[in-house]
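**Q** This is the content of query33.cif (mmCIF, C-alpha atoms):
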data_final
loop_
_atom_site.label_atom_id
_atom_site.label_comp_id
_atom_site.auth_asym_id
_atom_site.auth_seq_id
_atom_site.Cartn_x
_atom_site.Cartn_y
_atom_site.Cartn_z
CA MET P 298 102.72 126.10 107.62
CA THR P 299 105.01 123.17 106.97
CA PRO P 300 104.51 120.24 109.34
CA THR P 301 107.46 118.72 111.19
CA ASN P 302 107.35 115.63 113.36
CA ARG P 303 105.58 117.64 116.04
CA THR P 304 102.42 118.00 114.00
CA LYS P 305 102.54 115.38 111.26
CA LEU P 306 99.66 112.99 111.73
CA SER P 307 100.50 109.31 111.87
CA ARG P 308 96.83 108.30 111.99
CA LEU P 309 93.97 109.37 109.73
CA PRO P 310 96.01 111.99 107.86
CA LYS P 311 92.92 112.98 105.85
CA ARG P 312 91.58 114.60 109.03
CA GLY P 313 94.66 116.81 109.28
CA HIS P 314 95.15 120.37 108.05
CA HIS P 315 98.11 122.71 108.24
CA ASP P 316 96.70 125.80 106.49
CA THR P 317 95.90 128.96 108.39
CA ALA P 318 92.53 129.18 106.55
CA THR P 319 91.48 126.10 108.53
CA ILE P 320 93.45 126.77 111.71
CA TYR P 321 92.57 130.40 112.48
CA PRO P 322 88.76 130.03 112.40
CA ILE P 323 88.96 127.04 114.78
CA LEU P 324 91.14 129.09 117.13
CA ASP P 325 88.83 132.07 116.89
CA ALA P 326 85.72 130.02 117.69
CA GLY P 327 86.96 128.84 121.09
CA LEU P 328 86.16 130.23 124.53
CA VAL P 329 89.13 128.79 126.38
CA CYS P 330 92.36 127.17 125.30
CA HIS P 331 94.54 124.71 127.17
CA VAL P 332 98.20 125.69 127.51
CA SER P 333 100.72 123.01 128.40
CA TYR P 334 104.29 123.43 129.49
CA GLN P 335 106.76 121.28 131.35
CA LEU P 336 109.04 121.78 134.32
CA ASP P 337 111.69 119.20 135.15
CA GLY P 338 109.85 116.62 133.05
CA GLN P 339 106.49 117.21 134.72
CA PRO P 340 103.81 118.44 132.30
CA PHE P 341 101.37 121.14 133.46
CA LEU P 342 98.12 122.39 131.95
CA ILE P 343 96.33 125.71 132.27
CA PRO P 344 92.86 126.30 130.87
CA THR P 345 92.60 130.01 130.09
CA ALA P 346 90.95 132.69 127.98
CA TYR P 347 92.86 133.91 124.96
CA GLY P 348 92.76 135.95 121.80
CA ARG P 349 94.53 135.78 118.46
CA ILE P 350 96.13 138.65 116.55
CA ASP P 351 97.55 137.56 113.20
CA ASN P 352 99.82 134.61 113.95
CA THR P 353 100.11 135.22 117.69
CA VAL P 354 97.95 133.88 120.51
CA TYR P 355 97.77 136.05 123.63
CA ILE P 356 96.92 134.90 127.13
CA HIS P 357 96.85 136.89 130.34
CA GLY P 358 97.02 136.27 134.04
CA SER P 359 97.86 137.85 137.32
CA VAL P 360 101.45 138.88 137.97
CA GLY P 361 100.94 136.96 141.24
CA SER P 362 100.20 133.68 139.48
CA HIS P 363 102.76 130.97 140.05
CA PHE P 364 101.96 129.42 136.64
CA PHE P 365 102.20 132.68 134.75
CA ARG P 366 105.50 133.55 136.38
CA GLN P 367 106.89 130.24 135.12
CA LEU P 368 105.52 130.88 131.64
CA ALA P 369 106.88 134.43 131.63
CA GLN P 370 110.41 133.09 131.44
CA GLY P 371 109.95 132.12 127.79
CA VAL P 372 109.32 128.40 127.56
CA PRO P 373 108.10 126.04 124.85
CA VAL P 374 104.36 125.51 125.06
CA CYS P 375 101.72 123.48 123.31
CA VAL P 376 98.26 125.04 123.06
CA ALA P 377 95.03 123.29 122.10
CA VAL P 378 91.54 124.53 121.27
CA THR P 379 88.88 121.84 120.83
CA HIS P 380 85.23 122.03 119.80
CA VAL P 381 82.94 119.00 120.05
CA ASP P 382 80.31 119.12 117.30
CA GLY P 383 78.60 115.78 117.64
CA LEU P 384 78.45 112.32 119.16
CA VAL P 385 78.86 109.73 116.43
CA LEU P 386 76.89 106.65 117.48
CA ALA P 387 77.77 103.75 115.20
CA ARG P 388 76.29 100.25 115.15
CA SER P 389 79.58 98.85 116.46
CA ALA P 390 81.20 100.11 119.63
CA PHE P 391 84.53 100.26 117.78
CA SER P 392 83.24 102.73 115.16
CA HIS P 393 81.94 105.21 117.70
CA SER P 394 83.50 108.61 117.33
CA VAL P 395 83.11 112.30 117.98
CA ASN P 396 82.68 115.07 115.45
CA TYR P 397 85.11 117.77 116.42
CA ARG P 398 87.40 120.57 115.32
CA SER P 399 90.68 120.94 117.13
CA VAL P 400 93.88 122.88 116.75
CA VAL P 401 97.13 121.99 118.44
CA LEU P 402 99.87 124.59 118.11
CA PHE P 403 103.45 124.96 119.22
CA GLY P 404 105.33 128.08 120.17
CA GLN P 405 107.36 129.81 122.80
CA THR P 406 105.99 132.15 125.46
CA ARG P 407 107.14 135.76 125.40
CA LEU P 408 106.41 138.23 128.18
CA VAL P 409 104.81 141.29 126.59
CA ASP P 410 106.45 144.38 128.04
CA ASP P 411 105.42 146.87 125.38
CA PRO P 412 102.37 148.68 126.83
CA ASP P 413 100.73 149.13 123.42
CA GLU P 414 101.03 145.46 122.59
CA ALA P 415 99.70 144.49 126.04
CA TRP P 416 96.75 146.84 125.60
CA ALA P 417 95.96 145.46 122.13
CA ALA P 418 96.20 141.92 123.49
CA LEU P 419 93.78 142.62 126.36
CA GLU P 420 91.38 144.29 123.92
CA ARG P 421 91.57 141.22 121.68
CA ILE P 422 91.05 138.77 124.57
CA THR P 423 87.95 140.72 125.64
CA GLU P 424 86.63 141.03 122.09
CA HIS P 425 87.30 137.33 121.54
CA LEU P 426 84.97 136.53 124.45
CA MET P 427 82.29 139.03 123.41
CA PRO P 428 82.67 141.07 120.23
CA GLY P 429 81.75 144.69 120.83
CA ARG P 430 82.48 144.58 124.55
CA TRP P 431 85.78 146.47 124.78
CA ALA P 432 84.25 149.80 123.74
CA ASP P 433 81.48 149.32 126.30
CA THR P 434 83.63 148.93 129.42
CA ARG P 435 85.78 151.02 131.68
CA PRO P 436 89.23 150.37 130.18
CA PRO P 437 92.10 149.13 132.38
CA SER P 438 93.74 151.66 134.68
CA ALA P 439 97.49 151.99 134.95
CA SER P 440 97.46 150.02 138.20
CA GLU P 441 95.31 147.27 136.69
CA MET P 442 97.74 147.01 133.76
CA LYS P 443 100.58 146.60 136.27
CA LYS P 444 98.75 143.71 137.93
CA THR P 445 98.20 141.95 134.61
CA MET P 446 100.74 139.77 132.86
CA VAL P 447 100.30 139.37 129.12
CA LEU P 448 102.06 136.57 127.30
CA ALA P 449 102.44 136.22 123.55
CA ILE P 450 102.77 132.85 121.83
CA GLU P 451 103.73 133.19 118.22
CA ILE P 452 102.48 130.13 116.36
CA GLU P 453 105.56 128.33 115.09
CA GLU P 454 103.67 125.28 113.94
CA ALA P 455 100.07 124.14 114.12
CA SER P 456 97.79 121.42 112.94
CA ALA P 457 94.03 121.20 112.81
CA LYS P 458 92.03 118.01 112.99
CA VAL P 459 88.43 117.93 111.87
CA ARG P 460 85.86 115.14 111.79
CA THR P 461 82.49 115.87 110.28
CA GLY P 462 79.65 113.84 108.83
CA ASN P 463 77.84 110.69 109.69
CA VAL P 464 78.70 107.27 111.09
CA ASN P 465 81.09 105.07 109.25
CA ASP P 466 80.27 101.48 110.16
CA ASP P 467 81.90 98.48 108.52
CA PRO P 468 79.81 97.09 105.66
CA GLU P 469 79.14 93.84 107.53
CA ASP P 470 77.58 95.80 110.43
CA LEU P 471 75.08 97.79 108.37
CA ASP P 472 72.15 95.45 108.97
CA LEU P 473 72.55 95.34 112.73
CA PRO P 474 69.43 96.48 114.61
CA HIS P 475 71.17 99.28 116.58
CA TRP P 476 70.06 102.84 115.82
CA ALA P 477 72.99 104.70 114.25
CA GLY P 478 73.53 108.38 113.66
CA VAL P 479 74.87 111.61 115.05
CA VAL P 480 73.72 113.66 118.03
CA PRO P 481 74.74 117.26 117.26
CA VAL P 482 76.48 119.16 120.06
CA SER P 483 76.89 122.91 120.19
CA LEU P 484 77.43 125.72 122.66
CA GLN P 485 74.30 127.57 123.58
CA TYR P 486 74.22 131.11 124.93
CA GLY P 487 71.36 131.72 127.32
CA GLN P 488 69.42 134.84 128.25
CA PRO P 489 71.79 137.43 129.75
CA ILE P 490 71.36 137.78 133.53
CA GLN P 491 71.86 141.35 134.67
CA ASP P 492 73.85 142.14 137.81
CA PRO P 493 70.99 142.35 140.36
CA ILE P 494 72.40 145.51 141.89
CA GLN P 495 72.41 147.38 138.55
CA SER P 496 69.56 149.67 137.52
CA LYS P 497 67.06 148.00 135.19
CA ASP P 498 67.14 151.22 133.14
CA ILE P 499 70.35 149.95 131.59
CA ALA P 500 69.13 147.61 128.86
CA VAL P 501 71.05 144.67 127.45
CA PRO P 502 72.99 146.03 124.46
CA ASP P 503 72.29 144.50 121.05
CA TYR P 504 75.78 143.07 120.66
CA ILE P 505 75.14 140.96 123.79
CA ALA P 506 71.48 140.12 123.17
CA SER P 507 72.20 138.93 119.64
CA PHE P 508 75.44 137.10 120.45
CA LYS P 509 75.46 133.55 119.13
CA GLY P 510 79.13 132.71 119.72
CA MET S 82 93.56 114.38 148.16
CA THR S 83 96.39 116.38 149.68
CA PRO S 84 97.70 119.17 147.47
CA THR S 85 101.42 119.46 146.78
CA ASN S 86 103.11 122.27 144.89
CA ARG S 87 101.72 120.82 141.65
CA THR S 88 98.15 121.67 142.53
CA LYS S 89 98.27 124.25 145.31
CA LEU S 90 96.69 127.46 144.07
CA SER S 91 98.75 130.58 144.43
CA ARG S 92 95.90 132.79 143.22
CA LEU S 93 92.28 132.90 144.35
CA PRO S 94 92.57 129.86 146.62
CA LYS S 95 88.85 130.12 147.43
CA ARG S 96 88.17 128.87 143.89
CA GLY S 97 90.20 125.71 144.53
CA HIS S 98 89.00 122.28 145.64
CA HIS S 99 90.87 119.06 146.30
CA ASP S 100 88.01 116.76 147.32
CA THR S 101 86.82 113.97 145.07
CA ALA S 102 83.19 115.01 145.69
CA THR S 103 83.95 118.16 143.66
CA ILE S 104 86.49 116.67 141.27
CA TYR S 105 84.73 113.52 140.04
CA PRO S 106 81.47 115.17 138.88
CA ILE S 107 83.45 117.77 136.89
CA LEU S 108 85.44 114.97 135.26
CA ASP S 109 82.31 112.97 134.55
CA ALA S 110 80.52 115.91 132.91
CA GLY S 111 83.13 116.38 130.18
CA LEU S 112 83.07 115.15 126.60
CA VAL S 113 86.78 115.38 125.90
CA CYS S 114 89.82 115.85 128.07
CA HIS S 115 93.19 117.32 127.16
CA VAL S 116 96.19 115.12 127.96
CA SER S 117 99.62 116.72 128.10
CA TYR S 118 102.99 115.04 128.22
CA GLN S 119 106.50 116.09 127.39
CA LEU S 120 109.28 114.66 125.30
CA ASP S 121 112.78 116.11 125.50
CA GLY S 122 111.39 119.29 127.06
CA GLN S 123 108.76 119.79 124.36
CA PRO S 124 105.18 119.70 125.70
CA PHE S 125 102.48 117.95 123.66
CA LEU S 126 98.71 117.97 123.96
CA ILE S 127 96.09 115.45 122.88
CA PRO S 128 92.37 116.17 123.03
CA THR S 129 90.62 112.84 123.46
CA ALA S 130 87.56 111.01 124.74
CA TYR S 131 87.85 109.38 128.14
CA GLY S 132 86.03 107.69 130.98
CA ARG S 133 86.57 107.44 134.71
CA ILE S 134 86.36 104.32 136.88
CA ASP S 135 86.92 105.06 140.57
CA ASN S 136 90.17 107.01 140.76
CA THR S 137 91.42 106.11 137.28
CA VAL S 138 90.89 107.94 134.00
CA TYR S 139 91.00 105.78 130.87
CA ILE S 140 91.78 106.94 127.36
CA HIS S 141 92.07 104.90 124.19
CA GLY S 142 93.64 105.22 120.80
CA SER S 143 94.91 103.26 117.86
CA VAL S 144 97.94 101.03 118.36
CA GLY S 145 99.20 102.81 115.22
CA SER S 146 99.11 106.24 116.84
CA HIS S 147 102.48 107.88 117.30
CA PHE S 148 101.20 109.80 120.35
CA PHE S 149 99.68 106.78 122.03
CA ARG S 150 102.81 104.73 121.50
CA GLN S 151 104.76 107.41 123.33
CA LEU S 152 102.21 107.50 126.14
CA ALA S 153 102.19 103.69 126.37
CA GLN S 154 105.69 103.75 127.79
CA GLY S 155 104.43 105.03 131.14
CA VAL S 156 105.08 108.75 131.38
CA PRO S 157 103.93 111.55 133.68
CA VAL S 158 100.88 113.31 132.30
CA CYS S 159 98.69 116.23 133.20
CA VAL S 160 95.02 115.96 132.22
CA ALA S 161 92.46 118.77 132.18
CA VAL S 162 88.69 118.86 131.75
CA THR S 163 87.13 122.31 131.46
CA HIS S 164 83.51 123.45 131.22
CA VAL S 165 82.60 127.04 130.43
CA ASP S 166 79.36 128.00 132.16
CA GLY S 167 79.10 131.71 131.50
CA LEU S 168 80.66 134.91 130.23
CA VAL S 169 81.03 137.37 133.09
CA LEU S 170 80.69 140.87 131.65
CA ALA S 171 81.72 143.41 134.24
CA ARG S 172 81.59 147.19 134.03
CA SER S 173 85.39 147.31 133.94
CA ALA S 174 87.43 145.37 131.40
CA PHE S 175 89.70 144.23 134.22
CA SER S 176 86.88 142.50 136.13
CA HIS S 177 85.70 140.46 133.14
CA SER S 178 85.78 136.77 133.81
CA VAL S 179 84.39 133.41 132.84
CA ASN S 180 82.23 131.10 134.93
CA TYR S 181 83.77 127.67 134.65
CA ARG S 182 84.45 124.34 136.26
CA SER S 183 87.81 122.75 135.59
CA VAL S 184 89.85 119.86 136.89
CA VAL S 185 93.58 119.50 136.40
CA LEU S 186 94.99 116.13 137.45
CA PHE S 187 98.38 114.49 137.54
CA GLY S 188 99.27 110.86 137.07
CA GLN S 189 101.33 108.40 135.14
CA THR S 190 100.17 106.51 132.06
CA ARG S 191 99.94 102.73 132.28
CA LEU S 192 99.34 100.50 129.26
CA VAL S 193 96.37 98.28 130.05
CA ASP S 194 97.22 94.75 129.02
CA ASP S 195 94.62 92.90 131.05
CA PRO S 196 91.77 92.19 128.57
CA ASP S 197 89.07 92.51 131.24
CA GLU S 198 90.32 95.91 132.35
CA ALA S 199 90.59 97.05 128.72
CA TRP S 200 87.03 95.89 128.05
CA ALA S 201 85.70 97.65 131.15
CA ALA S 202 87.57 100.83 130.15
CA LEU S 203 86.11 100.84 126.63
CA GLU S 204 82.64 100.23 128.04
CA ARG S 205 83.13 103.18 130.40
CA ILE S 206 84.45 105.48 127.65
CA THR S 207 81.40 104.65 125.52
CA GLU S 208 78.98 105.02 128.42
CA HIS S 209 80.65 108.29 129.38
CA LEU S 210 79.82 109.66 125.92
CA MET S 211 76.26 108.31 125.87
CA PRO S 212 74.87 106.45 128.89
CA GLY S 213 73.01 103.32 127.79
CA ARG S 214 74.88 102.97 124.53
CA TRP S 215 77.24 100.08 125.28
CA ALA S 216 74.43 97.50 125.57
CA ASP S 217 72.96 98.75 122.28
CA THR S 218 76.01 98.21 120.06
CA ARG S 219 77.90 95.37 118.49
CA PRO S 220 80.71 94.89 121.06
CA PRO S 221 84.36 94.94 120.00
CA SER S 222 85.70 91.87 118.20
CA ALA S 223 88.98 90.25 119.15
CA SER S 224 90.68 91.91 116.18
CA GLU S 225 89.23 95.34 117.09
CA MET S 226 90.51 94.90 120.63
CA LYS S 227 93.97 94.18 119.21
CA LYS S 228 93.89 97.42 117.22
CA THR S 229 92.92 99.45 120.29
CA MET S 230 95.34 100.71 122.89
CA VAL S 231 93.88 101.47 126.31
CA LEU S 232 95.79 103.61 128.78
CA ALA S 233 95.04 104.04 132.46
CA ILE S 234 95.92 107.18 134.37
CA GLU S 235 95.49 106.74 138.09
CA ILE S 236 94.82 110.14 139.63
CA GLU S 237 97.74 110.86 141.95
CA GLU S 238 96.74 114.43 142.58
CA ALA S 239 94.02 116.71 141.30
CA SER S 240 92.55 120.13 141.83
CA ALA S 241 89.28 121.62 140.75
CA LYS S 242 88.66 125.28 140.11
CA VAL S 243 85.16 126.65 140.01
CA ARG S 244 83.82 130.15 139.42
CA THR S 245 80.11 130.73 139.69
CA GLY S 246 77.84 133.68 140.25
CA ASN S 247 77.61 137.21 139.06
CA VAL S 248 79.99 140.03 138.23
CA ASN S 249 82.28 141.38 140.88
CA ASP S 250 83.07 144.97 139.97
CA ASP S 251 84.99 147.31 142.21
CA PRO S 252 82.69 149.52 144.34
CA GLU S 253 83.83 152.67 142.53
CA ASP S 254 82.72 151.20 139.16
CA LEU S 255 79.18 150.31 140.18
CA ASP S 256 77.59 153.47 138.80
CA LEU S 257 79.20 153.21 135.38
CA PRO S 258 76.67 153.10 132.53
CA HIS S 259 77.88 149.79 131.06
CA TRP S 260 75.44 146.85 131.21
CA ALA S 261 76.87 144.21 133.55
CA GLY S 262 75.91 140.61 134.05
CA VAL S 263 76.42 137.04 132.98
CA VAL S 264 75.67 135.34 129.68
CA PRO S 265 75.09 131.66 130.51
CA VAL S 266 76.87 129.12 128.33
CA SER S 267 75.98 125.46 128.10
CA LEU S 268 76.31 122.49 125.80
CA GLN S 269 73.21 121.78 123.78
CA TYR S 270 72.38 118.40 122.29
CA GLY S 271 70.41 118.68 119.05
CA GLN S 272 67.93 116.36 117.37
CA PRO S 273 69.61 113.03 116.57
CA ILE S 274 70.34 112.63 112.85
CA GLN S 275 69.92 109.03 111.73
CA ASP S 276 72.42 107.43 109.37
CA PRO S 277 70.65 108.06 106.03
CA ILE S 278 71.30 104.51 104.85
CA GLN S 279 69.59 102.95 107.89
CA SER S 280 65.96 101.84 107.80
CA LYS S 281 63.58 104.41 109.28
CA ASP S 282 61.87 101.48 111.04
CA ILE S 283 64.64 101.68 113.62
CA ALA S 284 63.47 104.44 115.96
CA VAL S 285 65.71 106.63 118.09
CA PRO S 286 66.00 104.85 121.45
CA ASP S 287 64.79 106.72 124.52
CA TYR S 288 68.23 106.91 126.12
CA ILE S 289 69.41 108.91 123.09
CA ALA S 290 66.27 110.99 122.54
CA SER S 291 66.16 112.06 126.18
CA PHE S 292 69.91 112.64 126.57
CA LYS S 293 70.72 116.04 128.02
CA GLY S 294 74.42 115.52 128.73
#
Written as structure tokens, how would this file's structure read?
**A**
Amino acid sequence: MTPTNRTKLSRLPKRGHHDTATIYPILDAGLVCHVSYQLDGQPFLIPTAYGRIDNTVYIHGSVGSHFFRQLAQGVPVCVAVTHVDGLVLARSAFSHSVNYRSVVLFGQTRLVDDPDEAWAALERITEHLMPGRWADTRPPSASEMKKTMVLAIEIEEASAKVRTGNVNDDPEDLDLPHWAGVVPVSLQYGQPIQDPIQSKDIAVPDYIASFKG
Amino acid sequence: MTPTNRTKLSRLPKRGHHDTATIYPILDAGLVCHVSYQLDGQPFLIPTAYGRIDNTVYIHGSVGSHFFRQLAQGVPVCVAVTHVDGLVLARSAFSHSVNYRSVVLFGQTRLVDDPDEAWAALERITEHLMPGRWADTRPPSASEMKKTMVLAIEIEEASAKVRTGNVNDDPEDLDLPHWAGVVPVSLQYGQPIQDPIQSKDIAVPDYIASFKG
């Protein structure tokens, strides 16, 4: 994707990437995205689940949602997915940083009215959260589909920013007595907790028990 | 804080909170926030570190940053902090959800030009990332302070949304054979990795070794 002024990085351009080989895996590794839009100059933000199919990000909400009704009209949005991978503790306060992977993308919302596309999007959003889950659920009924609004955001432009590695103190700070290094940060998935009213005869399926994100 | 149309929840109002006793701890538990602003109708998003002092959120960036220079002019922003606490796997696809805590707040950016306020903000941002760290670093020099832009966002209005607990399937789905429950999600802090060029005589301080987020 060719960067315009929306995504060109003015600072630390070596941290920037515009190729889908970098962007898509960062998108696919997230649990929630943040969607921003504006109304009369006032910016708004919605944290929400999502899923990607090819170059389109799908989100869904209730047809009764004030926010989703505004988005359904087809408006420019900016969407971000951010992972924190580490706290970078340098000898100097100034050189402190965070290891992270983030994608910021631009597009336009489109209300999905094709039932097949809406179905595929909901399947993807569910599979994005937990691969293998869609086939192991009661699929949406016609009335549930009517209550659900699906929005497509085709990625017009996107940039990824990635910081990895260790601290990067100035040479004159290297002999300071402050411990320096990185504290890794990651998402951890705990032991699944079964619905207490469900029979214990139903065991946790492998795709859930072995899920590592 | 009294909700206006910006933060009143049209859906699931029982998940909404407007009291600082709910809002501040959710803000304080985050590693990065997402800041959104708009320019000529185009929304933009910046994931960034932050810190809160009383009712003000502080962010910082390089004076060379295109984004921060735009924000420095004093513009309306929307800021979100989101924690995912669990994947809620219901028997029906429709009832799938996510356990989460999120805050969405509104305010106006203000360039901090008072050196004492800027210093206090940078201390808070560092302490937010790793409590105890500020006193164990080489503090910013005058020239580093000049390279750093600090922005204050006083919280004019904010809402928190929280979902906790187990699955909430429809009564008619309860006997379906699909495993149902919650997979807990949390941030995990790994073993600190020392800068390889630093002497091993400098041990990991307790405040880092015992940090749990």
**Q** Check the smallest atom-to-atom distance from each of P:Ala377, P:Ala432, P:Ile490, P:Leu448 to His259 of chain S using all atoms listed in the file, then report the winner.
**A**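 Of P:Ala377, P:Ala432, P:Ile490, P:Leu448, the one nearest His259 of chain S is P:Ala432, counting all atoms listed in the file.
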**Q** Identify all residues satisfying the PyMOL selection byres ((chain P and resi 415-428) around 8) in the given file; provide them as JSON, numbers by chain.
**A** {"P": [325, 328, 346, 347, 348, 349, 350, 355, 356, 357, 409, 410, 411, 412, 413, 414, 429, 430, 431, 447, 504, 505, 508, 510], "S": [168, 174, 177]}
**Q** So, counting only C-alpha atoms, which residue among S:Ser176, S:Ser222, S:Ser267, S:Gln151 is closest to chain P?
**A**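 So, comparing all the options, the nearest one is S:Ser267.
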**Q** S:Ile107, S:Val184, S:Cys159, S:Val243: which is nearest chain P, counting only C-alpha atoms?
**A**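 For chain P, the nearest of the given residues is S:Cys159.
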**Q** Would you compute the distance between atom CA of Arg96 of chain S and atom CA of Tyr334 of chain P? Give it in Å to one decimal.
**A**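 So the answer is 22.3 Å.
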**Q** Can you measure atom CA of Val401 of chain P to atom CA of Thr445 of chain P for me? One decimal in Å is fine.
**A**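 It comes out at 25.7 Å.
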**Q** Could you write out as an NGL selection string the residues that the PyMOL selection byres ((chain S and resi 242) around 12) matches in the shown file?
**A** (:P and (343-345)) or (:S and (88-90 or 92-100 or 103-104 or 107-108 or 161-165 or 179-186 or 239-241 or 243-245))
**Q** Emit the selected residues as a PDB file, in the frame of the given file, including C-alpha atoms.
**A**
ATOM      1  CA  ILE P 343      96.330 125.710 132.270  1.00  0.00           C
ATOM      2  CA  PRO P 344      92.860 126.300 130.870  1.00  0.00           C
ATOM      3  CA  THR P 345      92.600 130.010 130.090  1.00  0.00           C
TER       4      THR P 345
ATOM      5  CA  THR S  88      98.150 121.670 142.530  1.00  0.00           C
ATOM      6  CA  LYS S  89      98.270 124.250 145.310  1.00  0.00           C
ATOM      7  CA  LEU S  90      96.690 127.460 144.070  1.00  0.00           C
ATOM      8  CA  ARG S  92      95.900 132.790 143.220  1.00  0.00           C
ATOM      9  CA  LEU S  93      92.280 132.900 144.350  1.00  0.00           C
ATOM     10  CA  PRO S  94      92.570 129.860 146.620  1.00  0.00           C
ATOM     11  CA  LYS S  95      88.850 130.120 147.430  1.00  0.00           C
ATOM     12  CA  ARG S  96      88.170 128.870 143.890  1.00  0.00           C
ATOM     13  CA  GLY S  97      90.200 125.710 144.530  1.00  0.00           C
ATOM     14  CA  HIS S  98      89.000 122.280 145.640  1.00  0.00           C
ATOM     15  CA  HIS S  99      90.870 119.060 146.300  1.00  0.00           C
ATOM     16  CA  ASP S 100      88.010 116.760 147.320  1.00  0.00           C
ATOM     17  CA  THR S 103      83.950 118.160 143.660  1.00  0.00           C
ATOM     18  CA  ILE S 104      86.490 116.670 141.270  1.00  0.00           C
ATOM     19  CA  ILE S 107      83.450 117.770 136.890  1.00  0.00           C
ATOM     20  CA  LEU S 108      85.440 114.970 135.260  1.00  0.00           C
ATOM     21  CA  ALA S 161      92.460 118.770 132.180  1.00  0.00           C
ATOM     22  CA  VAL S 162      88.690 118.860 131.750  1.00  0.00           C
ATOM     23  CA  THR S 163      87.130 122.310 131.460  1.00  0.00           C
ATOM     24  CA  HIS S 164      83.510 123.450 131.220  1.00  0.00           C
ATOM     25  CA  VAL S 165      82.600 127.040 130.430  1.00  0.00           C
ATOM     26  CA  VAL S 179      84.390 133.410 132.840  1.00  0.00           C
ATOM     27  CA  ASN S 180      82.230 131.100 134.930  1.00  0.00           C
ATOM     28  CA  TYR S 181      83.770 127.670 134.650  1.00  0.00           C
ATOM     29  CA  ARG S 182      84.450 124.340 136.260  1.00  0.00           C
ATOM     30  CA  SER S 183      87.810 122.750 135.590  1.00  0.00           C
ATOM     31  CA  VAL S 184      89.850 119.860 136.890  1.00  0.00           C
ATOM     32  CA  VAL S 185      93.580 119.500 136.400  1.00  0.00           C
ATOM     33  CA  LEU S 186      94.990 116.130 137.450  1.00  0.00           C
ATOM     34  CA  ALA S 239      94.020 116.710 141.300  1.00  0.00           C
ATOM     35  CA  SER S 240      92.550 120.130 141.830  1.00  0.00           C
ATOM     36  CA  ALA S 241      89.280 121.620 140.750  1.00  0.00           C
ATOM     37  CA  VAL S 243      85.160 126.650 140.010  1.00  0.00           C
ATOM     38  CA  ARG S 244      83.820 130.150 139.420  1.00  0.00           C
ATOM     39  CA  THR S 245      80.110 130.730 139.690  1.00  0.00           C
TER      40      THR S 245
END
**Q** Which neighbours of Leu255 of chain S fall inside 12 Å, counting all atoms listed in the file, when residues of the same chain fewer than 2 positions from it are skipped, and could you give them as number ranges by chain?
**A** P: 434-435, 492-496; S: 171-173, 176, 248-253, 257-262
**Q** Please evaluate the PyMOL selection byres ((chain S and resi 156) around 9) against the structure above and give the resulting residues as a ChimeraX atom specification.
**A** /S:118-119,151-155,157-158,188-191
**Q** May I ask for the distance between atom CA of Gln485 of chain P and atom CA of Asp498 of chain P, given in Å to one decimal place?
**A**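 We find that atom CA of Gln485 of chain P and atom CA of Asp498 of chain P lie 26.5 Å from each other.
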**Q** I'd like the contact shell of Gln272 of chain S - 8 Å cut-off, only C-alpha atoms, skipping same-chain residues fewer than 5 positions apart - returned as a list of chain:residue names.
**A**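 The residues satisfying every condition are P:Val480, P:Pro481, S:Ala290.
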**Q** Suppose we keep C-alpha atoms; can you now write the selection as a PDB file, in the frame of the given file?
**A**
ATOM      1  CA  VAL P 480      73.720 113.660 118.030  1.00  0.00           C
ATOM      2  CA  PRO P 481      74.740 117.260 117.260  1.00  0.00           C
TER       3      PRO P 481
ATOM      4  CA  ALA S 290      66.270 110.990 122.540  1.00  0.00           C
TER       5      ALA S 290
END
**Q** Using all atoms listed in the file, which residues sit within 9 Å of Asn352 of chain P once same-chain residues fewer than 4 positions away are excluded, as a PDB file with C-alpha atoms, in the coordinates of the input?
**A**
ATOM      1  CA  THR P 317      95.900 128.960 108.390  1.00  0.00           C
ATOM      2  CA  TYR P 321      92.570 130.400 112.480  1.00  0.00           C
ATOM      3  CA  ILE P 450     102.770 132.850 121.830  1.00  0.00           C
ATOM      4  CA  GLU P 451     103.730 133.190 118.220  1.00  0.00           C
ATOM      5  CA  ILE P 452     102.480 130.130 116.360  1.00  0.00           C
ATOM      6  CA  GLU P 453     105.560 128.330 115.090  1.00  0.00           C
TER       7      GLU P 453
END
**Q** Taking all atoms of segment 368-379 of chain P that appear in the file, build a box with edges along x, y and z, extend it by 3 Å on every side, and state its centre and edge lengths in Å to one decimal, as JSON.
**A**
{"center_x": 99.6, "center_y": 128.1, "center_z": 126.2, "size_x": 27.5, "size_y": 18.6, "size_z": 16.8}
**Q** Rank S:Ala284, S:Ser117, S:Ser143, S:Phe175 by their smallest atom-to-atom distance to Lys444 of chain P, using all atoms listed in the file, and report the top residue only.
**A**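 Looking only at the distances to Lys444 of chain P, the closest residue turns out to be S:Phe175.
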**Q** Using all atoms listed in the file, can you tell me which of P:Val482, P:Glu454, P:Ala326, P:Phe341 comes closest to His363 of chain P?
**A**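 Between P:Val482, P:Glu454, P:Ala326, P:Phe341, the residue approaching His363 of chain P most closely is P:Phe341.
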**Q** Dump segment 168-178 of chain S with C-alpha atoms to a file, as a tab-separated table (two decimals), in the first residue's frame.
**A**
chain	number	residue	atom	x	y	z
S	168	LEU	CA	-13.57	-14.58	26.05
S	169	VAL	CA	-17.21	-15.40	26.70
S	170	LEU	CA	-18.04	-18.55	24.73
S	171	ALA	CA	-21.78	-19.08	24.72
S	172	ARG	CA	-23.75	-21.97	23.28
S	173	SER	CA	-25.14	-19.68	20.58
S	174	ALA	CA	-22.91	-17.63	18.31
S	175	PHE	CA	-25.15	-14.63	18.96
S	176	SER	CA	-24.52	-14.67	22.72
S	177	HIS	CA	-20.73	-14.69	22.40
S	178	SER	CA	-19.13	-11.77	24.13
